[in-house]
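Undergrad: Below is the file data.pdb, which contains PDB, C-alpha atoms and all ligand atoms.
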MODEL        1
ATOM      1  CA  MET M 738      16.915  19.788  59.754
ATOM      2  CA  VAL M 739      16.688  16.898  57.311
ATOM      3  CA  THR M 740      18.977  15.238  54.856
ATOM      4  CA  LEU M 741      19.020  16.347  51.256
ATOM      5  CA  THR M 742      17.534  13.027  50.164
ATOM      6  CA  ALA M 743      14.344  13.848  52.027
ATOM      7  CA  VAL M 744      14.021  16.925  49.834
ATOM      8  CA  VAL M 745      14.918  15.255  46.554
ATOM      9  CA  ALA M 746      11.976  12.871  46.766
ATOM     10  CA  PRO M 747       9.196  15.499  47.011
ATOM     11  CA  LEU M 748      10.936  17.698  44.454
ATOM     12  CA  GLY M 749      11.156  14.689  42.139
ATOM     13  CA  ARG M 750       7.416  14.194  42.512
ATOM     14  CA  GLN M 751       6.892  17.861  41.682
ATOM     15  CA  ILE M 752       8.986  17.501  38.531
ATOM     16  CA  HIS M 753       7.028  14.456  37.520
ATOM     17  CA  LYS M 754       3.708  16.227  38.043
ATOM     18  CA  HIS M 755       5.025  19.204  36.140
ATOM     19  CA  LEU M 756       6.140  17.096  33.182
ATOM     20  CA  VAL M 757       2.883  15.188  33.001
ATOM     21  CA  LYS M 758       0.862  18.383  33.162
ATOM     22  CA  HIS M 759       2.827  20.033  30.372
ATOM     23  CA  ALA M 760       3.581  16.975  28.275
ATOM     24  CA  ARG M 761       1.983  18.483  25.176
ATOM     25  CA  THR M 762       3.606  21.862  25.332
ATOM     26  CA  PRO M 763       7.119  22.241  23.908
ATOM     27  CA  ARG M 764       9.457  22.696  26.834
ATOM     28  CA  TRP M 765      12.686  21.387  28.146
ATOM     29  CA  ILE M 766      12.397  17.777  29.288
ATOM     30  CA  PRO M 767      15.320  15.854  30.771
ATOM     31  CA  ALA M 768      16.448  13.085  28.438
ATOM     32  CA  ARG M 769      17.575  10.925  31.315
ATOM     33  CA  ALA M 770      16.929  10.594  35.013
ATOM     34  CA  CYS M 771      18.517  13.493  36.813
ATOM     35  CA  ASN M 772      19.564  14.383  40.315
ATOM     36  CA  LEU M 773      18.808  17.492  42.319
ATOM     37  CA  SER M 774      22.084  19.320  41.754
ATOM     38  CA  ALA M 775      22.359  18.687  38.030
ATOM     39  CA  CYS M 776      19.672  18.964  35.413
ATOM     40  CA  SER M 777      16.589  19.189  37.578
ATOM     41  CA  SER M 778      17.462  22.538  39.099
ATOM     42  CA  ARG M 779      16.275  24.808  36.295
ATOM     43  CA  LEU M 780      13.040  22.924  35.925
ATOM     44  CA  VAL M 781      12.236  22.955  39.627
ATOM     45  CA  LEU M 782      13.230  26.567  40.101
ATOM     46  CA  SER M 783      11.411  27.846  37.039
ATOM     47  CA  GLN M 784       8.337  26.183  38.438
ATOM     48  CA  VAL M 785       8.868  27.817  41.811
ATOM     49  CA  HIS M 786       9.527  31.321  40.527
ATOM     50  CA  PRO M 787       9.610  33.101  37.141
ATOM     51  CA  MET M 788      12.919  34.764  38.042
ATOM     52  CA  TRP M 789      14.672  31.536  37.080
ATOM     53  CA  GLN M 790      13.128  31.319  33.619
ATOM     54  CA  GLU M 791      15.509  33.907  32.120
ATOM     55  CA  PRO M 792      18.941  32.866  30.822
ATOM     56  CA  LEU M 793      21.439  33.082  33.663
ATOM     57  CA  ALA M 794      24.338  35.550  33.608
ATOM     58  CA  ILE M 795      26.857  33.021  34.933
ATOM     59  CA  PRO M 796      25.481  29.621  33.931
ATOM     60  CA  GLY M 797      28.661  27.635  34.473
ATOM     61  CA  GLY M 798      30.849  29.532  36.932
ATOM     62  CA  ASP M 799      33.453  27.854  39.112
ATOM     63  CA  ARG M 800      32.489  29.454  42.405
ATOM     64  CA  GLN M 801      28.715  29.309  42.610
ATOM     65  CA  SER M 802      26.573  29.259  45.746
ATOM     66  CA  PRO M 803      24.946  27.834  47.786
ATOM     67  CA  ILE M 804      26.892  24.686  48.707
ATOM     68  CA  ASP M 805      26.808  21.856  51.196
ATOM     69  CA  ILE M 806      29.380  22.436  53.948
ATOM     70  CA  GLU M 807      31.110  19.159  54.684
ATOM     71  CA  VAL M 808      32.436  19.566  58.197
ATOM     72  CA  ARG M 809      35.179  16.934  57.880
ATOM     73  CA  LYS M 810      36.479  18.449  54.662
ATOM     74  CA  SER M 811      36.542  22.016  55.971
ATOM     75  CA  VAL M 812      40.019  23.282  56.837
ATOM     76  CA  PHE M 813      40.701  25.021  60.142
ATOM     77  CA  ASN M 814      42.517  28.309  59.542
ATOM     78  CA  PRO M 815      43.957  29.579  62.856
ATOM     79  CA  HIS M 816      44.632  32.972  61.274
ATOM     80  CA  LEU M 817      40.946  33.718  60.775
ATOM     81  CA  ARG M 818      40.181  36.622  63.100
ATOM     82  CA  PRO M 819      36.938  37.280  64.949
ATOM     83  CA  LEU M 820      34.316  39.135  62.950
ATOM     84  CA  LYS M 821      33.791  42.801  63.903
ATOM     85  CA  VAL M 822      30.181  43.798  63.348
ATOM     86  CA  ARG M 823      29.117  47.372  64.034
ATOM     87  CA  TYR M 824      25.606  48.292  62.943
ATOM     88  CA  ASP M 825      23.794  51.577  63.566
ATOM     89  CA  PRO M 826      20.035  50.790  63.781
ATOM     90  CA  ARG M 827      19.303  54.351  62.596
ATOM     91  CA  THR M 828      20.504  53.399  59.090
ATOM     92  CA  CYS M 829      17.528  51.039  58.741
ATOM     93  CA  GLN M 830      15.098  52.437  56.183
ATOM     94  CA  GLN M 831      12.456  50.123  54.771
ATOM     95  CA  ILE M 832      11.148  46.648  54.012
ATOM     96  CA  TRP M 833      10.579  45.742  50.367
ATOM     97  CA  ASN M 834       8.821  42.665  48.995
ATOM     98  CA  ASN M 835      10.797  42.184  45.777
ATOM     99  CA  GLY M 836       8.649  39.251  44.628
ATOM    100  CA  TYR M 837      11.168  36.619  45.757
ATOM    101  CA  SER M 838      11.897  37.513  49.400
ATOM    102  CA  PHE M 839      11.523  40.580  51.605
ATOM    103  CA  LEU M 840      14.526  42.851  51.908
ATOM    104  CA  VAL M 841      15.193  45.004  54.962
ATOM    105  CA  GLU M 842      17.186  47.839  53.435
ATOM    106  CA  TYR M 843      19.756  50.161  55.014
ATOM    107  CA  ASP M 844      21.217  53.535  54.109
ATOM    108  CA  ASP M 845      24.655  52.630  52.753
ATOM    109  CA  THR M 846      25.892  56.099  51.801
ATOM    110  CA  THR M 847      28.112  56.261  54.912
ATOM    111  CA  ASP M 848      30.221  53.893  57.008
ATOM    112  CA  LYS M 849      27.754  53.846  59.919
ATOM    113  CA  SER M 850      26.891  50.144  59.605
ATOM    114  CA  THR M 851      29.824  47.932  58.706
ATOM    115  CA  VAL M 852      31.506  44.580  59.097
ATOM    116  CA  LYS M 853      35.229  43.913  59.037
ATOM    117  CA  GLY M 854      37.671  41.349  60.388
ATOM    118  CA  GLY M 855      37.100  37.633  60.016
ATOM    119  CA  PRO M 856      38.257  36.619  56.535
ATOM    120  CA  LEU M 857      37.783  40.198  55.252
ATOM    121  CA  GLU M 858      40.718  42.435  54.329
ATOM    122  CA  ASP M 859      38.526  45.496  53.814
ATOM    123  CA  GLN M 860      35.591  47.180  55.517
ATOM    124  CA  PHE M 861      32.189  46.258  54.080
ATOM    125  CA  ARG M 862      28.979  48.318  54.372
ATOM    126  CA  LEU M 863      25.621  46.838  55.308
ATOM    127  CA  CYS M 864      23.028  47.327  52.554
ATOM    128  CA  GLN M 865      20.252  44.808  53.248
ATOM    129  CA  PHE M 866      19.282  41.537  54.843
ATOM    130  CA  HIS M 867      16.739  38.934  53.766
ATOM    131  CA  PHE M 868      15.809  35.306  54.334
ATOM    132  CA  HIS M 869      15.190  32.137  52.346
ATOM    133  CA  TRP M 870      12.678  29.595  53.650
ATOM    134  CA  GLY M 871      10.699  26.491  52.798
ATOM    135  CA  GLU M 872       7.038  25.605  52.633
ATOM    136  CA  ASN M 873       7.573  23.440  55.729
ATOM    137  CA  ASN M 874      10.257  22.926  58.348
ATOM    138  CA  ALA M 875      12.030  20.109  56.493
ATOM    139  CA  TRP M 876      13.871  22.446  54.116
ATOM    140  CA  GLY M 877      14.293  26.101  53.203
ATOM    141  CA  SER M 878      17.931  26.992  53.855
ATOM    142  CA  GLU M 879      20.255  27.451  50.883
ATOM    143  CA  HIS M 880      23.389  26.088  52.519
ATOM    144  CA  SER M 881      23.454  22.841  54.447
ATOM    145  CA  VAL M 882      25.872  21.283  56.920
ATOM    146  CA  ASP M 883      26.761  17.664  56.172
ATOM    147  CA  HIS M 884      23.644  17.557  53.964
ATOM    148  CA  ARG M 885      21.408  18.738  56.806
ATOM    149  CA  LEU M 886      19.087  21.552  55.759
ATOM    150  CA  TYR M 887      17.419  24.083  58.055
ATOM    151  CA  PRO M 888      13.895  25.557  57.689
ATOM    152  CA  ALA M 889      15.298  29.007  56.849
ATOM    153  CA  GLU M 890      18.497  30.985  56.358
ATOM    154  CA  LEU M 891      19.295  34.658  56.990
ATOM    155  CA  HIS M 892      21.630  36.566  54.635
ATOM    156  CA  ILE M 893      23.093  39.882  55.785
ATOM    157  CA  VAL M 894      24.544  41.532  52.671
ATOM    158  CA  HIS M 895      27.463  43.996  52.703
ATOM    159  CA  TRP M 896      29.576  45.563  49.946
ATOM    160  CA  ASN M 897      33.227  46.560  49.886
ATOM    161  CA  ALA M 898      33.223  50.322  50.466
ATOM    162  CA  ASP M 899      37.047  50.473  50.661
ATOM    163  CA  LYS M 900      37.407  49.331  47.053
ATOM    164  CA  TYR M 901      34.158  50.413  45.377
ATOM    165  CA  SER M 902      31.869  53.426  45.502
ATOM    166  CA  LEU M 903      28.501  51.771  44.919
ATOM    167  CA  PHE M 904      26.807  48.446  45.606
ATOM    168  CA  GLU M 905      26.051  48.163  41.870
ATOM    169  CA  GLU M 906      29.758  48.360  41.126
ATOM    170  CA  ALA M 907      30.837  45.972  43.905
ATOM    171  CA  VAL M 908      28.317  43.312  42.875
ATOM    172  CA  MET M 909      30.156  42.781  39.583
ATOM    173  CA  GLU M 910      33.640  42.483  41.102
ATOM    174  CA  ASP M 911      35.752  39.912  42.851
ATOM    175  CA  ASN M 912      35.859  40.689  46.594
ATOM    176  CA  GLY M 913      32.909  43.029  46.125
ATOM    177  CA  LEU M 914      30.464  41.509  48.628
ATOM    178  CA  ALA M 915      30.480  39.852  52.042
ATOM    179  CA  VAL M 916      27.401  37.934  53.137
ATOM    180  CA  ILE M 917      26.889  36.646  56.675
ATOM    181  CA  GLY M 918      24.651  33.576  56.690
ATOM    182  CA  VAL M 919      22.757  32.330  59.736
ATOM    183  CA  PHE M 920      20.682  29.155  59.908
ATOM    184  CA  LEU M 921      17.227  29.336  61.513
ATOM    185  CA  LYS M 922      15.753  26.451  63.441
ATOM    186  CA  VAL M 923      12.191  26.212  64.730
ATOM    187  CA  GLY M 924      12.015  26.460  68.508
ATOM    188  CA  LYS M 925      11.352  29.283  70.889
ATOM    189  CA  ARG M 926      10.129  32.697  69.758
ATOM    190  CA  HIS M 927      12.881  35.133  68.757
ATOM    191  CA  GLU M 928      12.202  38.395  70.585
ATOM    192  CA  GLY M 929      14.460  40.503  68.358
ATOM    193  CA  LEU M 930      12.835  39.214  65.172
ATOM    194  CA  GLN M 931       9.293  39.954  66.366
ATOM    195  CA  LYS M 932       9.417  43.682  65.529
ATOM    196  CA  LEU M 933      10.144  42.729  61.925
ATOM    197  CA  VAL M 934       7.523  39.960  61.880
ATOM    198  CA  ASP M 935       4.893  42.469  63.096
ATOM    199  CA  ALA M 936       5.685  44.745  60.137
ATOM    200  CA  LEU M 937       5.530  42.027  57.464
ATOM    201  CA  PRO M 938       1.753  42.006  56.754
ATOM    202  CA  ALA M 939       2.242  45.487  55.234
ATOM    203  CA  VAL M 940       4.501  44.002  52.515
ATOM    204  CA  ARG M 941       2.396  40.948  51.728
ATOM    205  CA  HIS M 942       2.322  41.614  47.979
ATOM    206  CA  LYS M 943       5.154  41.893  45.483
ATOM    207  CA  GLU M 944       6.595  45.403  45.082
ATOM    208  CA  SER M 945       5.113  46.692  48.327
ATOM    209  CA  VAL M 946       7.373  48.796  50.511
ATOM    210  CA  VAL M 947       6.935  49.961  54.079
ATOM    211  CA  GLU M 948       9.049  52.313  56.157
ATOM    212  CA  PHE M 949      10.953  50.435  58.850
ATOM    213  CA  ASN M 950      13.330  52.063  61.299
ATOM    214  CA  LYS M 951      15.744  51.387  64.108
ATOM    215  CA  PHE M 952      16.298  47.712  63.553
ATOM    216  CA  ASP M 953      19.687  46.302  64.471
ATOM    217  CA  PRO M 954      20.387  43.120  62.472
ATOM    218  CA  ALA M 955      23.019  42.177  65.061
ATOM    219  CA  CYS M 956      20.098  40.926  67.182
ATOM    220  CA  LEU M 957      19.652  38.161  64.578
ATOM    221  CA  LEU M 958      23.226  36.901  64.949
ATOM    222  CA  PRO M 959      23.881  33.882  67.169
ATOM    223  CA  GLU M 960      25.565  34.373  70.538
ATOM    224  CA  ASN M 961      28.832  33.018  69.221
ATOM    225  CA  ILE M 962      29.922  34.776  66.030
ATOM    226  CA  ASP M 963      33.558  33.705  66.381
ATOM    227  CA  ASP M 964      32.871  30.241  64.965
ATOM    228  CA  TYR M 965      32.097  30.308  61.262
ATOM    229  CA  TRP M 966      32.855  28.731  57.912
ATOM    230  CA  THR M 967      34.024  30.867  55.023
ATOM    231  CA  TYR M 968      34.390  30.200  51.308
ATOM    232  CA  PRO M 969      34.459  32.107  47.997
ATOM    233  CA  GLY M 970      31.089  32.003  46.239
ATOM    234  CA  SER M 971      28.367  33.845  44.388
ATOM    235  CA  LEU M 972      25.027  35.519  44.798
ATOM    236  CA  THR M 973      22.275  32.900  44.941
ATOM    237  CA  THR M 974      19.878  35.016  42.871
ATOM    238  CA  PRO M 975      20.486  36.520  39.420
ATOM    239  CA  PRO M 976      22.901  37.948  38.364
ATOM    240  CA  LEU M 977      24.683  35.149  40.334
ATOM    241  CA  THR M 978      27.948  37.071  40.133
ATOM    242  CA  GLU M 979      30.942  35.474  41.821
ATOM    243  CA  ALA M 980      31.610  38.429  44.080
ATOM    244  CA  VAL M 981      30.792  36.995  47.497
ATOM    245  CA  THR M 982      32.912  36.060  50.482
ATOM    246  CA  TRP M 983      30.502  33.854  52.400
ATOM    247  CA  ILE M 984      30.667  33.786  56.198
ATOM    248  CA  MET M 985      28.358  31.055  57.474
ATOM    249  CA  MET M 986      27.746  31.015  61.211
ATOM    250  CA  LYS M 987      28.233  27.656  62.887
ATOM    251  CA  GLN M 988      25.636  28.406  65.561
ATOM    252  CA  HIS M 989      22.008  28.700  64.471
ATOM    253  CA  ILE M 990      19.292  30.929  65.917
ATOM    254  CA  GLU M 991      15.809  29.838  66.956
ATOM    255  CA  VAL M 992      12.507  31.294  65.770
ATOM    256  CA  SER M 993       8.990  30.098  66.528
ATOM    257  CA  HIS M 994       6.716  28.242  64.151
ATOM    258  CA  ASP M 995       4.337  31.232  64.257
ATOM    259  CA  GLN M 996       7.087  33.647  63.233
ATOM    260  CA  LEU M 997       8.023  31.469  60.258
ATOM    261  CA  ALA M 998       4.312  31.166  59.397
ATOM    262  CA  VAL M 999       4.238  34.945  58.870
ATOM    263  CA  PHE M1000       7.148  34.625  56.383
ATOM    264  CA  ARG M1001       5.093  31.973  54.558
ATOM    265  CA  SER M1002       2.006  34.203  54.492
ATOM    266  CA  LEU M1003       3.791  36.633  52.151
ATOM    267  CA  LEU M1004       3.183  36.403  48.414
ATOM    268  CA  PHE M1005       5.303  36.147  45.263
ATOM    269  CA  SER M1006       2.454  37.855  43.414
ATOM    270  CA  SER M1007       1.369  41.479  43.227
ATOM    271  CA  ALA M1008      -2.054  42.698  44.332
ATOM    272  CA  GLU M1009      -3.186  42.920  40.683
ATOM    273  CA  GLU M1010      -2.395  39.296  39.810
ATOM    274  CA  GLN M1011      -5.270  36.860  39.906
ATOM    275  CA  GLU M1012      -3.225  33.889  41.064
ATOM    276  CA  GLN M1013      -1.906  34.496  44.576
ATOM    277  CA  ARG M1014       1.242  32.454  45.083
ATOM    278  CA  SER M1015       2.691  31.929  48.547
ATOM    279  CA  MET M1016       6.249  33.064  49.065
ATOM    280  CA  VAL M1017       7.861  29.748  49.999
ATOM    281  CA  ASN M1018      10.792  27.650  48.735
ATOM    282  CA  ASN M1019      12.663  30.783  47.658
ATOM    283  CA  PHE M1020      16.080  29.107  47.712
ATOM    284  CA  ARG M1021      18.517  28.200  44.967
ATOM    285  CA  VAL M1022      19.540  24.593  44.404
ATOM    286  CA  GLN M1023      23.004  23.714  45.699
ATOM    287  CA  GLN M1024      26.038  24.056  43.456
ATOM    288  CA  ALA M1025      29.184  21.966  43.007
ATOM    289  CA  LEU M1026      32.205  22.891  45.122
ATOM    290  CA  LYS M1027      34.515  22.657  42.058
ATOM    291  CA  GLY M1028      37.800  22.416  43.951
ATOM    292  CA  ARG M1029      37.076  25.133  46.482
ATOM    293  CA  THR M1030      38.045  24.797  50.127
ATOM    294  CA  VAL M1031      35.709  25.749  52.943
ATOM    295  CA  GLN M1032      37.735  27.191  55.807
ATOM    296  CA  SER M1033      36.630  27.217  59.428
ATOM    297  CA  SER M1034      37.572  29.672  62.155
ATOM    298  CA  PHE M1035      37.284  26.864  64.704
ATOM    299  CA  SER M1036      38.849  23.453  65.006
ATOM    300  CA  PRO M1037      36.342  20.777  63.975
ATOM    301  CA  PHE M1038      38.086  18.388  66.373
ATOM    302  CA  LEU M1039      36.938  20.417  69.362
ATOM    303  CA  ARG M1040      33.278  20.002  68.629
ATOM    304  CA  GLU M1041      30.687  20.173  71.364
ATOM    305  CA  ALA M1042      29.272  16.911  72.646
ATOM    306  CA  PRO M1043      26.220  15.845  70.615
ATOM    307  CA  PRO M1044      22.887  16.489  72.333
ATOM    308  CA  LYS M1045      21.291  13.501  74.045
ATOM    309  CA  GLU M1046      18.457  12.053  71.957
TER     310      GLU M1046
HETATM  311 ZN    ZN M1101      20.077  35.291  50.006
ENDMDL
END
Write out the structure in this file as structure tokens.
TA:
Amino acid sequence: MVTLTAVVAPLGRQIHKHLVKHARTPRWIPARACNLSACSSRLVLSQVHPMWQEPLAIPGGDRQSPIDIEVRKSVFNPHLRPLKVRYDPRTCQQIWNNGYSFLVEYDDTTDKSTVKGGPLEDQFRLCQFHFHWGENNAWGSEHSVDHRLYPAELHIVHWNADKYSLFEEAVMEDNGLAVIGVFLKVGKRHEGLQKLVDALPAVRHKESVVEFNKFDPACLLPENIDDYWTYPGSLTTPPLTEAVTWIMMKQHIEVSHDQLAVFRSLLFSSAEEQEQRSMVNNFRVQQALKGRTVQSSFSPFLREAPPKE
């Protein structure tokens, strides 16, 4: 974990290098010094990945994600119930490198793998999970806690099967999606994750798909899933629709450096492309809170004692 400032500096250097390199070509150049969350984001992201070069569907929405979670400003809601996760590993189907991350996809034609409870009024069906990560351990997560970033972040994506009949429909609607977010820290090897890590070399290139079965994403949840933050937000990749109830776990999970190294060995590029680009820094820049409240299922005043340095 590091503070956001530690990330802004290297990104600023990247922007500078980028501008110098392309000074002669007509392209968007900031007219004044900018900060990470404002005008630099498009430039940095378009450099990281071509996905961000297209015009965005929701360029100026009021409930965009990801955000920084400020613990002191989050509001304890005692009515937030525990989350009820029930996944059937047999609904796991395949891993797909979509050129931005790898998606572990599930059969979502039935209610076999669902989440309900917590802040959710309806039952939501599991459709896929994926991660975001950095080129090193100093950054990579999309959300942060009191400006502290983690090396990676897991997103388990579900859609509202009580209200909608397809993921494609739910993704466009308010209350259409529920995403569980889990922070990853580098430490001891994660036994549950290893089966997935072992399968990843088969999807090294963009658009490659490999069959993958019997994986229960519940093994990637922290021990304590009762403590979480929740807020109304958006997808963090295009179309960026504001359909998501975010449920961010307070407790992180640990993975080993070697396991994360396998994530970083994947590629943004397809086998045919000459330039092979490492799949790293596949996160969106943080967005303004714009009057939203982050609620917590736990009282921030009953925090655990800080670890001894
Ligand atoms: Zn995500």
Undergrad: Given the file above and the PyMOL selection byres (((chain M and resi 796-805) around 7) and not hetatm), which residues are selected, and can you give them as a ChimeraX atom specification?
TA: /M:793-795,806-807,879-884,969-973,979,1023-1027
Undergrad: Near Ile917 in chain M, within 6 Å and counting all atoms listed in the file, which residues show up once chain neighbours fewer than 5 positions away are dropped, as a list in words?
TA: His892, Ile893, Ile984 and Met985 of chain M
Undergrad: List all protein, DNA and RNA residues that have an atom no more than 12 Å from any atom of ligand ZN 1101 (chain M), counting all atoms listed in the file, and report them as an MDAnalysis selection string.
TA: chainID M and resid 802:803 837:841 865:870 877:880 889:895 915:920 971:975 977 981 983 985 1019:1021
Undergrad: In Å, with one decimal, what is the gap from CA of Glu944 in chain M to CA of Leu1003 in chain M?
TA: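 Interatomic distance, CA of Glu944 in chain M to CA of Leu1003 in chain M: 11.6 Å.
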Undergrad: Which residues, written as a list in words, have at least one atom at most 6 Å from Arg862 in chain M, with only C-alpha atoms counted and residues fewer than 6 positions away on the same chain left out?
TA: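 Close residues of Arg862 in chain M: Ser850, Thr851, His895 and Trp896 of chain M.
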Undergrad: Specify as a PyMOL selection string each residue included when the PyMOL selection byres (((chain M and resi 965-967) around 10) and not hetatm) is applied to this file.
TA: chain M and resi 806+808+811-814+817+819-820+855-856+916-919+961-964+968-970+982-988+1030-1035
Undergrad: With all atoms listed in the file as the atoms that count, which of M:Thr828, M:Gln1013, M:Asn1018, M:Ser1002 lies nearest to Leu863 in chain M?
TA: M:Thr828
Undergrad: So for range 951-967 of chain M, what box centre and size do we get, axis-aligned, 6 Å extra on each of the six sides, every listed atom, Å to one decimal, as lines of an AutoDock Vina configuration file?
TA:
center_x = 24.9
center_y = 40.1
center_z = 62.8
size_x = 30.3
size_y = 34.7
size_z = 27.5
Undergrad: For this structure, which residues satisfy the selection - the PyMOL selection byres (((chain M and resi 950) around 9) and not hetatm) - when it is evaluated on the file as given? I want them as a PyMOL selection string.
TA: chain M and resi 826-831+948-949+951-952
Undergrad: Can you tell me how far CA of Val1022 in chain M sits from CA of His942 in chain M, in Å to one decimal?
TA: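 Atom-to-atom, CA of Val1022 in chain M and CA of His942 in chain M are spaced 24.5 Å apart.
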Undergrad: Can you tell me which residues surround Ser1007 in chain M at a distance of at most 12 Å, considering only C-alpha atoms, apart from same-chain residues fewer than 6 positions away, and format the answer as a PDB file with C-alpha atoms, in the frame of the given file?
TA:
ATOM      1  CA  ASN M 834       8.821  42.665  48.995  1.00  0.00           C
ATOM      2  CA  ASN M 835      10.797  42.184  45.777  1.00  0.00           C
ATOM      3  CA  GLY M 836       8.649  39.251  44.628  1.00  0.00           C
ATOM      4  CA  TYR M 837      11.168  36.619  45.757  1.00  0.00           C
ATOM      5  CA  VAL M 940       4.501  44.002  52.515  1.00  0.00           C
ATOM      6  CA  ARG M 941       2.396  40.948  51.728  1.00  0.00           C
ATOM      7  CA  HIS M 942       2.322  41.614  47.979  1.00  0.00           C
ATOM      8  CA  LYS M 943       5.154  41.893  45.483  1.00  0.00           C
ATOM      9  CA  GLU M 944       6.595  45.403  45.082  1.00  0.00           C
ATOM     10  CA  SER M 945       5.113  46.692  48.327  1.00  0.00           C
ATOM     11  CA  VAL M 946       7.373  48.796  50.511  1.00  0.00           C
ATOM     12  CA  GLN M1013      -1.906  34.496  44.576  1.00  0.00           C
ATOM     13  CA  ARG M1014       1.242  32.454  45.083  1.00  0.00           C
ATOM     14  CA  SER M1015       2.691  31.929  48.547  1.00  0.00           C
ATOM     15  CA  MET M1016       6.249  33.064  49.065  1.00  0.00           C
TER      16      MET M1016
END
Undergrad: State, in Å with one decimal place, the distance from CA of Glu872 in chain M to CA of Pro938 in chain M.
TA: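 If I compute the distance from CA of Glu872 in chain M to CA of Pro938 in chain M, I get 17.7 Å.
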Undergrad: Return the single residue from M:Lys810, M:Lys925, M:Arg818, M:Lys932 that is closest to Arg1029 in chain M, with distances computed using only C-alpha atoms.
TA: M:Lys810
Undergrad: Just checking: using all atoms listed in the file, which residue out of M:Asp899, M:Ile832, M:Arg1001, M:Val822 ends up closest to Thr847 in chain M?
TA: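 So, comparing all the options, the nearest one is M:Asp899.
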Undergrad: Using all atoms listed in the file, which residue out of M:Val934, M:Asp953, M:Ala907, M:Ile990 lies closest to Lys849 in chain M?
TA: M:Asp953
Undergrad: Between M:Lys922, M:His816, M:His989, M:Arg809, which has the minimum distance to Gly871 in chain M (counting only C-alpha atoms)?
TA: M:Lys922
